[in-house]
$ cat final-v7.txt   # compact mmCIF, C-alpha atoms
# COMPACT_ATOMS: atom_id res chain seq x y z
CA MET A 1 103.32 110.20 101.00
CA ARG A 2 106.03 108.08 99.39
CA CYS A 3 106.81 104.48 100.33
CA ASP A 4 109.57 102.60 98.50
CA LEU A 5 110.34 98.87 98.60
CA LEU A 6 113.41 96.80 99.46
CA ALA A 7 113.30 93.08 98.64
CA VAL A 8 115.94 91.13 100.58
CA GLY A 9 117.40 87.81 99.47
CA THR A 10 120.42 86.64 97.50
CA GLU A 11 118.12 84.14 95.76
CA LEU A 12 116.36 87.09 94.09
CA LEU A 13 119.63 88.32 92.59
CA LEU A 14 120.51 84.84 91.36
CA GLY A 15 117.16 84.47 89.64
CA GLN A 16 116.25 81.45 91.75
CA ILE A 17 113.07 83.24 92.88
CA VAL A 18 111.18 85.88 90.90
CA ASP A 19 110.32 88.95 92.97
CA SER A 20 106.56 88.94 92.50
CA ASN A 21 106.12 90.33 96.02
CA SER A 22 107.29 93.82 95.09
CA ALA A 23 104.92 93.97 92.15
CA TRP A 24 102.02 92.98 94.38
CA ILE A 25 102.96 95.47 97.09
CA GLY A 26 103.37 98.25 94.54
CA GLU A 27 99.88 97.59 93.23
CA GLN A 28 98.42 97.73 96.76
CA LEU A 29 100.20 101.01 97.51
CA ALA A 30 98.86 102.57 94.32
CA ALA A 31 95.33 101.44 95.18
CA VAL A 32 95.38 103.41 98.46
CA GLY A 33 97.05 106.47 96.97
CA ILE A 34 100.57 105.94 98.37
CA GLY A 35 103.32 106.80 95.88
CA SER A 36 106.25 104.44 95.30
CA HIS A 37 109.28 105.53 93.25
CA LEU A 38 111.87 102.78 93.74
CA HIS A 39 111.82 98.99 94.10
CA ILE A 40 115.27 97.59 94.93
CA GLN A 41 116.61 94.07 95.44
CA VAL A 42 119.57 93.39 97.72
CA GLY A 43 121.39 90.26 98.85
CA ASP A 44 121.71 88.81 102.34
CA ASN A 45 124.44 91.17 103.56
CA VAL A 46 124.00 93.53 106.50
CA GLY A 47 126.21 96.27 105.10
CA ARG A 48 124.45 96.36 101.75
CA ILE A 49 120.98 96.21 103.32
CA VAL A 50 121.89 99.14 105.59
CA ALA A 51 123.28 101.14 102.66
CA GLU A 52 120.16 100.61 100.53
CA LEU A 53 117.84 101.45 103.42
CA ARG A 54 119.67 104.72 104.10
CA HIS A 55 119.59 105.52 100.39
CA LEU A 56 115.84 104.92 100.16
CA LEU A 57 115.02 106.75 103.38
CA SER A 58 116.96 109.80 102.24
CA ASP A 59 114.00 110.56 99.95
CA ALA A 60 111.08 108.29 100.90
CA ASP A 61 108.86 108.72 103.94
CA ALA A 62 108.66 104.96 104.47
CA VAL A 63 110.18 101.72 103.23
CA ILE A 64 108.65 98.26 103.17
CA ILE A 65 111.33 95.59 103.58
CA CYS A 66 110.26 92.15 102.38
CA GLY A 67 112.20 89.03 103.35
CA GLY A 68 115.16 88.13 105.55
CA LEU A 69 113.07 87.47 108.68
CA GLY A 70 113.57 83.72 108.86
CA PRO A 71 115.42 81.76 111.58
CA THR A 72 118.65 80.95 109.73
CA HIS A 73 122.07 82.61 109.77
CA ASP A 74 121.50 84.44 106.47
CA ASP A 75 118.28 86.14 107.62
CA LEU A 76 119.79 89.50 108.49
CA THR A 77 117.04 92.08 107.98
CA ARG A 78 116.45 92.61 111.71
CA GLU A 79 120.12 93.37 112.34
CA ALA A 80 120.30 95.81 109.42
CA VAL A 81 117.16 97.66 110.49
CA ALA A 82 118.42 97.93 114.07
CA GLU A 83 121.56 99.58 112.69
CA VAL A 84 119.52 102.09 110.65
CA MET A 85 117.43 102.85 113.75
CA GLY A 86 120.61 104.13 115.37
CA GLY A 87 122.37 100.95 116.41
CA VAL A 88 119.64 99.89 118.83
CA PRO A 89 119.93 96.43 120.42
CA LEU A 90 117.84 93.42 119.45
CA VAL A 91 115.71 92.31 122.39
CA LEU A 92 113.93 88.97 122.86
CA ASP A 93 110.16 89.51 122.80
CA ASP A 94 108.73 86.87 125.14
CA SER A 95 105.22 87.05 123.64
CA VAL A 96 106.53 86.46 120.14
CA ALA A 97 108.70 83.56 121.37
CA ALA A 98 105.66 82.02 123.09
CA THR A 99 103.58 82.36 119.92
CA ILE A 100 106.25 80.63 117.83
CA ALA A 101 106.64 77.83 120.38
CA GLU A 102 102.86 77.30 120.48
CA LEU A 103 102.71 77.09 116.72
CA PHE A 104 105.25 74.26 116.77
CA ARG A 105 103.41 72.51 119.61
CA SER A 106 100.11 72.72 117.73
CA ARG A 107 101.76 70.88 114.84
CA GLY A 108 103.21 68.20 117.12
CA ARG A 109 106.77 69.39 116.62
CA GLU A 110 109.51 70.66 118.89
CA MET A 111 110.70 74.20 118.18
CA PRO A 112 114.36 74.38 117.08
CA GLU A 113 116.38 76.80 119.16
CA ASN A 114 117.25 78.95 116.14
CA ASN A 115 113.57 79.91 115.71
CA LEU A 116 114.06 82.23 118.69
CA ARG A 117 115.96 84.50 116.27
CA GLN A 118 112.54 85.42 114.90
CA ALA A 119 111.53 86.73 118.33
CA MET A 120 114.44 89.20 118.43
CA VAL A 121 112.99 92.68 117.98
CA PRO A 122 114.88 95.98 117.55
CA SER A 123 114.36 98.13 120.63
CA GLY A 124 111.63 100.68 119.91
CA ALA A 125 109.93 98.60 117.21
CA THR A 126 106.27 97.56 117.23
CA VAL A 127 105.45 93.92 116.49
CA ILE A 128 102.92 93.03 113.79
CA PRO A 129 101.58 89.69 115.10
CA GLN A 130 101.96 86.74 112.76
CA THR A 131 98.79 84.76 111.96
CA ARG A 132 100.06 82.25 109.40
CA GLY A 133 103.72 81.49 110.07
CA THR A 134 106.51 82.07 112.54
CA ALA A 135 108.06 85.38 111.45
CA PRO A 136 106.29 88.43 112.92
CA GLY A 137 106.29 91.72 111.09
CA LEU A 138 107.75 94.89 112.56
CA ILE A 139 107.06 98.61 112.41
CA CYS A 140 110.36 100.39 113.03
CA PRO A 141 110.73 104.17 113.43
CA ALA A 142 113.92 105.89 112.32
CA THR A 143 115.16 109.47 112.23
CA ILE A 144 117.13 110.32 109.10
CA ASP A 145 118.78 113.77 108.97
CA GLY A 146 116.37 114.98 111.62
CA VAL A 147 113.26 113.74 109.78
CA ASP A 148 111.06 110.97 111.18
CA LYS A 149 110.69 107.96 108.88
CA VAL A 150 109.30 104.45 109.25
CA MET A 151 110.29 100.97 108.07
CA TYR A 152 107.89 98.04 107.77
CA LEU A 153 109.37 94.54 107.91
CA VAL A 154 107.26 91.73 106.44
CA PRO A 155 108.02 88.07 105.63
CA GLY A 156 108.92 87.00 102.12
CA VAL A 157 106.38 84.14 102.07
CA PRO A 158 103.68 85.58 99.78
CA ASP A 159 100.53 84.61 101.68
CA GLU A 160 102.03 85.71 105.02
CA MET A 161 103.23 88.97 103.49
CA GLN A 162 99.94 89.77 101.76
CA GLU A 163 97.85 89.20 104.88
CA MET A 164 100.18 91.38 106.96
CA ILE A 165 100.30 94.19 104.40
CA GLY A 166 96.51 94.35 104.23
CA ARG A 167 95.90 94.02 107.96
CA ALA A 168 98.60 96.28 109.39
CA VAL A 169 100.91 98.05 106.95
CA LEU A 170 98.48 99.78 104.59
CA PRO A 171 96.23 101.11 107.39
CA ASP A 172 99.28 102.45 109.24
CA LEU A 173 100.62 104.12 106.09
CA VAL A 174 97.29 105.75 105.31
CA ALA A 175 96.99 106.99 108.90
CA ARG A 176 100.50 108.46 108.78
CA SER A 177 99.76 110.15 105.46
CA GLY A 178 97.05 112.20 107.13
CA ASP A 179 94.85 111.76 104.07
CA ALA A 180 91.26 111.05 105.08
CA ALA A 181 90.18 110.38 101.51
CA THR A 182 88.90 106.93 100.59
CA ILE A 183 90.43 105.09 97.64
CA VAL A 184 87.79 103.23 95.64
CA SER A 185 88.68 100.86 92.80
CA ARG A 186 86.68 98.80 90.35
CA THR A 187 88.40 96.17 88.25
CA LEU A 188 86.84 94.76 85.08
CA LYS A 189 88.08 91.34 83.92
CA THR A 190 88.39 90.71 80.18
CA TRP A 191 89.34 87.87 77.86
CA GLY A 192 89.69 87.86 74.10
CA GLU A 193 91.45 91.12 73.31
CA SER A 194 95.09 92.26 73.39
CA GLU A 195 96.28 95.09 75.62
CA SER A 196 96.88 97.33 72.60
CA GLY A 197 93.47 96.34 71.24
CA LEU A 198 91.77 97.30 74.49
CA ASN A 199 93.62 100.59 74.52
CA ALA A 200 92.52 101.34 70.96
CA ARG A 201 88.88 100.51 71.70
CA LEU A 202 88.92 102.75 74.76
CA ASP A 203 91.21 105.44 73.36
CA ASP A 204 88.75 108.31 73.63
CA ILE A 205 87.88 107.36 77.22
CA VAL A 206 91.57 107.17 78.13
CA THR A 207 92.16 110.60 76.55
CA ARG A 208 89.22 112.06 78.42
CA LEU A 209 90.44 110.72 81.76
CA ASP A 210 93.93 112.12 81.16
CA GLY A 211 92.39 115.51 81.79
CA ASP A 212 90.43 114.34 84.85
CA PRO A 213 92.68 113.75 87.87
CA SER A 214 89.78 112.44 89.94
CA VAL A 215 89.71 109.09 88.10
CA THR A 216 92.51 106.92 86.76
CA LEU A 217 92.30 104.02 84.30
CA ALA A 218 95.01 101.37 84.12
CA PHE A 219 95.45 98.21 82.05
CA LEU A 220 96.88 95.25 83.98
CA ALA A 221 98.09 92.16 82.10
CA ARG A 222 97.40 88.88 83.92
CA GLY A 223 98.89 86.44 81.41
CA TRP A 224 96.56 83.53 80.73
CA ASN A 225 94.02 84.99 83.17
CA GLY A 226 93.33 87.83 80.79
CA LEU A 227 93.57 91.61 81.01
CA GLU A 228 92.16 93.82 83.71
CA ILE A 229 90.91 97.39 83.47
CA ARG A 230 91.22 99.09 86.84
CA LEU A 231 89.29 102.28 87.58
CA THR A 232 90.38 104.19 90.69
CA THR A 233 89.20 107.35 92.39
CA ARG A 234 89.80 109.23 95.65
CA THR A 235 86.58 110.39 97.28
CA SER A 236 85.03 111.18 100.64
CA SER A 237 83.39 107.77 101.08
CA PRO A 238 83.09 104.33 99.45
CA SER A 239 79.55 105.07 98.31
CA ALA A 240 80.60 108.35 96.69
CA GLY A 241 83.43 106.58 94.90
CA ALA A 242 81.18 103.79 93.66
CA ALA A 243 78.67 106.36 92.38
CA LEU A 244 81.43 108.20 90.51
CA LEU A 245 82.81 105.05 88.85
CA ALA A 246 79.50 103.40 87.97
CA PRO A 247 78.72 105.44 84.80
CA LEU A 248 82.28 104.97 83.53
CA GLU A 249 82.07 101.22 84.13
CA ALA A 250 78.77 101.07 82.25
CA GLU A 251 80.30 102.97 79.31
CA ILE A 252 83.28 100.60 79.14
CA ARG A 253 81.07 97.51 79.40
CA GLU A 254 78.89 98.78 76.55
CA ARG A 255 81.97 99.48 74.45
CA LEU A 256 83.64 96.12 75.05
CA GLY A 257 80.59 93.87 75.21
CA THR A 258 81.07 90.20 76.01
CA ILE A 259 84.83 90.25 76.38
CA VAL A 260 84.17 91.60 79.89
CA PHE A 261 83.49 88.44 81.85
CA GLY A 262 83.52 89.72 85.44
CA ALA A 263 84.70 92.27 87.95
CA ASP A 264 86.84 92.58 91.07
CA SER A 265 87.22 89.12 92.68
CA ASP A 266 85.58 87.25 89.79
CA SER A 267 87.64 84.71 87.87
CA MET A 268 86.68 82.93 84.69
CA GLU A 269 86.12 79.72 86.64
CA SER A 270 83.97 81.38 89.29
CA VAL A 271 81.83 82.99 86.58
CA VAL A 272 81.36 79.61 84.88
CA LEU A 273 80.39 77.94 88.15
CA ASP A 274 77.88 80.70 88.91
CA ALA A 275 76.36 80.40 85.43
CA LEU A 276 75.98 76.63 85.87
CA ARG A 277 74.54 77.09 89.35
CA SER A 278 71.95 79.55 88.10
CA ARG A 279 70.72 76.85 85.68
CA GLY A 280 70.85 74.09 88.27
CA TRP A 281 73.30 72.22 86.03
CA THR A 282 76.39 70.15 86.77
CA ILE A 283 79.55 69.84 84.69
CA GLY A 284 81.90 67.02 83.77
CA LEU A 285 85.15 67.26 81.80
CA ALA A 286 87.27 65.17 79.47
CA GLU A 287 90.78 66.57 79.16
CA SER A 288 93.56 65.30 76.95
CA LEU A 289 96.43 67.76 76.54
CA THR A 290 95.50 69.72 79.71
CA ALA A 291 95.39 66.55 81.86
CA GLY A 292 93.00 67.89 84.50
CA MET A 293 94.02 71.56 84.56
CA VAL A 294 90.51 72.83 83.81
CA SER A 295 89.03 70.59 86.48
CA ALA A 296 91.64 71.82 88.96
CA ARG A 297 90.78 75.47 88.31
CA LEU A 298 87.10 74.80 88.85
CA ALA A 299 87.80 72.77 91.99
CA GLY A 300 89.95 75.62 93.31
CA ILE A 301 86.79 77.69 93.88
CA SER A 302 85.16 77.12 97.25
CA GLY A 303 81.74 75.51 96.89
CA ALA A 304 82.44 73.99 93.46
CA SER A 305 81.29 70.56 94.64
CA ASP A 306 77.63 71.37 94.03
CA VAL A 307 78.39 71.90 90.33
CA LEU A 308 81.55 69.97 89.44
CA ARG A 309 80.89 66.25 88.95
CA GLY A 310 84.46 65.37 88.02
CA GLY A 311 86.96 65.06 85.24
CA ILE A 312 88.46 62.33 83.07
CA VAL A 313 92.09 62.65 81.99
CA SER A 314 91.80 60.94 78.62
CA TYR A 315 95.43 61.47 77.67
CA ALA A 316 95.87 58.24 75.73
CA SER A 317 93.82 57.72 72.59
CA ASP A 318 92.50 54.33 73.69
CA VAL A 319 91.02 55.97 76.80
CA LYS A 320 89.09 58.27 74.49
CA PHE A 321 87.89 55.26 72.48
CA ASP A 322 87.14 52.79 75.29
CA LEU A 323 85.89 55.06 78.08
CA LEU A 324 84.41 58.04 76.29
CA GLY A 325 83.08 56.26 73.19
CA VAL A 326 85.07 58.29 70.67
CA THR A 327 85.15 56.87 67.14
CA PRO A 328 88.60 55.24 66.61
CA GLY A 329 90.95 57.26 64.43
CA PRO A 330 92.75 60.62 64.66
CA VAL A 331 91.81 62.40 67.87
CA VAL A 332 92.46 66.10 67.23
CA SER A 333 89.34 67.49 65.58
CA GLU A 334 86.13 69.23 66.53
CA PRO A 335 83.97 66.10 65.98
CA VAL A 336 86.24 64.17 68.36
CA ALA A 337 86.06 66.98 70.94
CA LEU A 338 82.25 66.83 70.73
CA GLU A 339 82.30 63.06 71.20
CA MET A 340 84.61 63.46 74.19
CA ALA A 341 82.33 66.08 75.74
CA GLU A 342 79.28 63.86 75.25
CA GLY A 343 81.23 60.94 76.71
CA ALA A 344 82.20 62.94 79.78
CA ARG A 345 78.60 64.00 80.21
CA ARG A 346 77.41 60.40 80.03
CA VAL A 347 80.12 58.75 82.14
CA LEU A 348 80.07 61.40 84.88
CA GLY A 349 76.31 61.90 84.94
CA ALA A 350 76.65 65.64 84.28
CA ASP A 351 74.30 68.06 82.55
CA VAL A 352 77.17 69.77 80.72
CA GLY A 353 80.14 68.05 79.15
CA VAL A 354 83.35 69.86 78.19
CA ALA A 355 86.34 68.47 76.29
CA LEU A 356 89.81 69.51 75.18
CA THR A 357 92.03 67.67 72.71
CA GLY A 358 95.08 68.91 70.86
CA VAL A 359 98.83 68.98 70.35
CA ALA A 360 100.77 70.90 73.01
CA GLY A 361 104.15 70.08 71.48
CA PRO A 362 106.99 70.53 71.15
CA LEU A 363 106.71 67.67 68.61
CA PRO A 364 103.77 66.81 66.36
CA GLN A 365 101.52 64.02 67.61
CA PRO A 366 101.88 60.64 65.88
CA GLY A 367 98.78 59.60 64.00
CA GLU A 368 97.63 63.18 63.45
CA PRO A 369 98.75 64.01 59.90
CA GLY A 370 98.58 67.69 59.03
CA VAL A 371 97.79 68.78 62.59
CA ALA A 372 100.28 71.45 63.63
CA VAL A 373 101.67 71.91 67.12
CA GLY A 374 99.48 74.41 68.95
CA THR A 375 96.24 73.11 67.44
CA VAL A 376 93.60 72.63 70.12
CA CYS A 377 89.96 71.59 69.70
CA LEU A 378 87.42 72.50 72.38
CA ALA A 379 83.79 71.45 72.76
CA VAL A 380 80.85 71.88 75.11
CA VAL A 381 77.64 69.85 75.11
CA SER A 382 74.57 70.79 77.18
CA PRO A 383 70.78 70.41 77.17
CA ASP A 384 70.72 73.63 75.12
CA GLY A 385 72.86 72.17 72.35
CA SER A 386 76.55 72.01 71.57
CA ARG A 387 79.38 74.01 70.10
CA ALA A 388 83.02 73.39 69.22
CA THR A 389 85.94 75.54 68.15
CA THR A 390 89.55 75.15 67.10
CA LEU A 391 92.42 77.21 68.47
CA ARG A 392 95.59 77.66 66.45
CA LEU A 393 98.06 78.92 68.99
CA GLY A 394 101.12 78.70 66.76
CA GLN A 395 103.94 76.22 66.39
CA ASN A 396 106.33 78.51 68.24
CA ALA A 397 104.17 78.70 71.36
CA GLY A 398 105.70 76.84 74.28
CA ARG A 399 104.07 73.72 75.64
CA GLU A 400 102.98 75.37 78.88
CA GLN A 401 101.61 78.38 77.05
CA VAL A 402 99.52 76.15 74.77
CA ARG A 403 98.10 74.25 77.74
CA GLN A 404 97.33 77.33 79.82
CA PHE A 405 95.66 79.19 76.96
CA SER A 406 93.64 76.06 76.22
CA VAL A 407 92.33 76.10 79.80
CA ILE A 408 91.15 79.72 79.81
CA ASN A 409 89.69 79.42 76.30
CA ALA A 410 87.77 76.27 77.26
CA LEU A 411 86.30 78.03 80.29
CA ASP A 412 85.41 81.02 78.13
CA LEU A 413 83.72 78.74 75.60
CA VAL A 414 81.55 77.33 78.40
CA ARG A 415 80.77 80.85 79.66
CA ARG A 416 79.68 82.02 76.23
CA HIS A 417 77.64 78.88 75.62
CA LEU A 418 75.80 79.18 78.94
CA THR A 419 75.08 82.89 78.48
CA GLY A 420 74.00 82.55 74.88
CA VAL A 421 76.84 84.62 73.45
$ encode --input "final-v7.txt" --output "structure tokens"
Amino acid sequence: MRCDLLAVGTELLLGQIVDSNSAWIGEQLAAVGIGSHLHIQVGDNVGRIVAELRHLLSDADAVIICGGLGPTHDDLTREAVAEVMGGVPLVLDDSVAATIAELFRSRGREMPENNLRQAMVPSGATVIPQTRGTAPGLICPATIDGVDKVMYLVPGVPDEMQEMIGRAVLPDLVARSGDAATIVSRTLKTWGESESGLNARLDDIVTRLDGDPSVTLAFLARGWNGLEIRLTTRTSSPSAGAALLAPLEAEIRERLGTIVFGADSDSMESVVLDALRSRGWTIGLAESLTAGMVSARLAGISGASDVLRGGIVSYASDVKFDLLGVTPGPVVSEPVALEMAEGARRVLGADVGVALTGVAGPLPQPGEPGVAVGTVCLAVVSPDGSRATTLRLGQNAGREQVRQFSVINALDLVRRHLTGV
């Protein structure tokens, strides 16, 4: 079965918003074995939306339309879909209207009249109830050149869209495909190797799988969250799929060693928290150039409060000297990072102290002679000892890139220290 995508919104064409939704949807379709050949963006214009839908449906079995379901005058997806369905009327769905009104009441607000536009449903469509916002999704049948097709309308707000795709759209697509096979995936998370480097290290495995259609291997770049290796198979059951992938996962883990830090829903921060929790240790941070970014990533994991003591944003040098007890002088060096980590440990009453200090740029830091932009010093101090390292991320790296790579490398340093790597 083939399902293509149509992203609606003039803001996408103007570059005001990056269309990350289509990439996410495409990945989900691939994971359940649904093919997708075209991803198209179109502006807020009924005629152009209709033309693109008819073009896509001339070949695809289904189309997911993302966006254009809001309450304002330029949200025109419903009207365009009604036209493709054969010019059917839009009908007010009383249950949807009541749900929207109740949502406003629960927030102590009065519903604007134009929100009723979101309760207008093309005749013959099935509503996908909304659980997070005001725009419901829709499943809309259409007959194109005598062939039955289907369109799925979902909001453009990412968390609303993702929940609706997982809950309603993917199960409906799989059911329509008539394929009873189960798609099983296993994703390995890595840090510390390039995509080409991973490919080279796994080249013989990749070549072997090219001749085995039962299992696919894909590399997925996640920026400063690392690289993922996704293994996917189609089998009769989840247990059969897991049994098929397990030996391949073990082979890849043995080949790559410690650059594999987790799998599936793991993140570097969740792995670090689990490692600390297994020791019964707490963590405190002193951050200079990252100004709390590491602490924020740790705190973003539910349950972090039993491990995370807190963080000190020691951006100014005198904060490092007066609060953390750093020896006065230049502040970008491994000895200073170790002093900062020990200071964080002491001030915050933590078992483990972590510190980051460096020059994010774009200009060199005054008082740091010979220290190039992109130089970052990291340190961790624990009851087991201490370690420090220096990153040289390059003078041409952008400020945000330097800061983000400092975060993930600091977390990885803690992971390796705690696991004895």
$ closest_residue --input "final-v7.txt" --among "A:Gly343, A:Pro364, A:Gly284, A:Gly137" --to "Met164 in chain A" --atoms "only C-alpha atoms"
A:Gly137
$ residues_around --input "final-v7.txt" --residues "range 191-206 of chain A" --least-positions-apart "2" --cutoff "7 Å" --atoms "all atoms listed in the file" --output "NGL selection string"
:A and (208-210 or 217 or 226-227 or 259-260)
$ closest_residue --input "final-v7.txt" --among "A:Thr143, A:Ser278, A:Thr131, A:Thr77" --to "Arg54 in chain A" --atoms "only C-alpha atoms"
A:Thr143
$ axis_aligned_box --input "final-v7.txt" --around "range 302-307 of chain A" --padding-each-side "5 Å" --output "JSON"
{"center_x": 81.4, "center_y": 73.8, "center_z": 93.8, "size_x": 17.5, "size_y": 16.6, "size_z": 16.9}
$ closest_residue --input "final-v7.txt" --among "A:Glu287, A:Asp44, A:Glu102, A:Asp94" --to "Val121 in chain A" --atoms "all atoms listed in the file"
A:Asp94
$ atom_distance --input "final-v7.txt" --atom1 "CA of Gly223 in chain A" --atom2 "CA of Gln404 in chain A"
9.4 Å
$ atom_distance --input "final-v7.txt" --atom1 "CA of Ala7 in chain A" --atom2 "CA of Ala30 in chain A"
17.8 Å
$ residues_near_point --input "final-v7.txt" --point "(81.9, 71.1, 94.6)" --cutoff "12 Å" --atoms "all atoms listed in the file" --output "list in words"
Ser270, Leu273, Asp274, Leu276, Arg277, Thr282, Ile283, Gly284, Ser295, Ala296, Arg297, Leu298, Ala299, Gly300, Ile301, Ser302, Gly303, Ala304, Ser305, Asp306, Val307, Leu308, Arg309 and Gly310 of chain A
$ atom_distance --input "final-v7.txt" --atom1 "CA of Thr134 in chain A" --atom2 "CA of Gly70 in chain A"
8.1 Å
$ residues_around --input "final-v7.txt" --residues "Val42 in chain A" --least-positions-apart "4" --cutoff "12 Å" --atoms "all atoms listed in the file" --output "ChimeraX atom specification"
/A:5-14,19,46-53,65-68,76-77,80
$ write_last_selection --input "final-v7.txt" --atoms "C-alpha atoms" --output "PDB file, in the frame of the given file"
ATOM      1  CA  LEU A   5     110.340  98.870  98.600  1.00  0.00           C
ATOM      2  CA  LEU A   6     113.410  96.800  99.460  1.00  0.00           C
ATOM      3  CA  ALA A   7     113.300  93.080  98.640  1.00  0.00           C
ATOM      4  CA  VAL A   8     115.940  91.130 100.580  1.00  0.00           C
ATOM      5  CA  GLY A   9     117.400  87.810  99.470  1.00  0.00           C
ATOM      6  CA  THR A  10     120.420  86.640  97.500  1.00  0.00           C
ATOM      7  CA  GLU A  11     118.120  84.140  95.760  1.00  0.00           C
ATOM      8  CA  LEU A  12     116.360  87.090  94.090  1.00  0.00           C
ATOM      9  CA  LEU A  13     119.630  88.320  92.590  1.00  0.00           C
ATOM     10  CA  LEU A  14     120.510  84.840  91.360  1.00  0.00           C
ATOM     11  CA  ASP A  19     110.320  88.950  92.970  1.00  0.00           C
ATOM     12  CA  VAL A  46     124.000  93.530 106.500  1.00  0.00           C
ATOM     13  CA  GLY A  47     126.210  96.270 105.100  1.00  0.00           C
ATOM     14  CA  ARG A  48     124.450  96.360 101.750  1.00  0.00           C
ATOM     15  CA  ILE A  49     120.980  96.210 103.320  1.00  0.00           C
ATOM     16  CA  VAL A  50     121.890  99.140 105.590  1.00  0.00           C
ATOM     17  CA  ALA A  51     123.280 101.140 102.660  1.00  0.00           C
ATOM     18  CA  GLU A  52     120.160 100.610 100.530  1.00  0.00           C
ATOM     19  CA  LEU A  53     117.840 101.450 103.420  1.00  0.00           C
ATOM     20  CA  ILE A  65     111.330  95.590 103.580  1.00  0.00           C
ATOM     21  CA  CYS A  66     110.260  92.150 102.380  1.00  0.00           C
ATOM     22  CA  GLY A  67     112.200  89.030 103.350  1.00  0.00           C
ATOM     23  CA  GLY A  68     115.160  88.130 105.550  1.00  0.00           C
ATOM     24  CA  LEU A  76     119.790  89.500 108.490  1.00  0.00           C
ATOM     25  CA  THR A  77     117.040  92.080 107.980  1.00  0.00           C
ATOM     26  CA  ALA A  80     120.300  95.810 109.420  1.00  0.00           C
TER      27      ALA A  80
END
$ residues_around --input "final-v7.txt" --residues "Asn225 in chain A" --least-positions-apart "3" --cutoff "12 Å" --atoms "only C-alpha atoms" --output "list in words"
Lys189, Thr190, Trp191, Gly192, Glu193, Leu220, Ala221, Arg222, Glu228, Phe261, Gly262, Asp266, Ser267, Met268, Glu269, Arg297, Gln401, Gln404, Phe405, Ser406, Val407, Ile408, Asn409, Leu411 and Asp412 of chain A
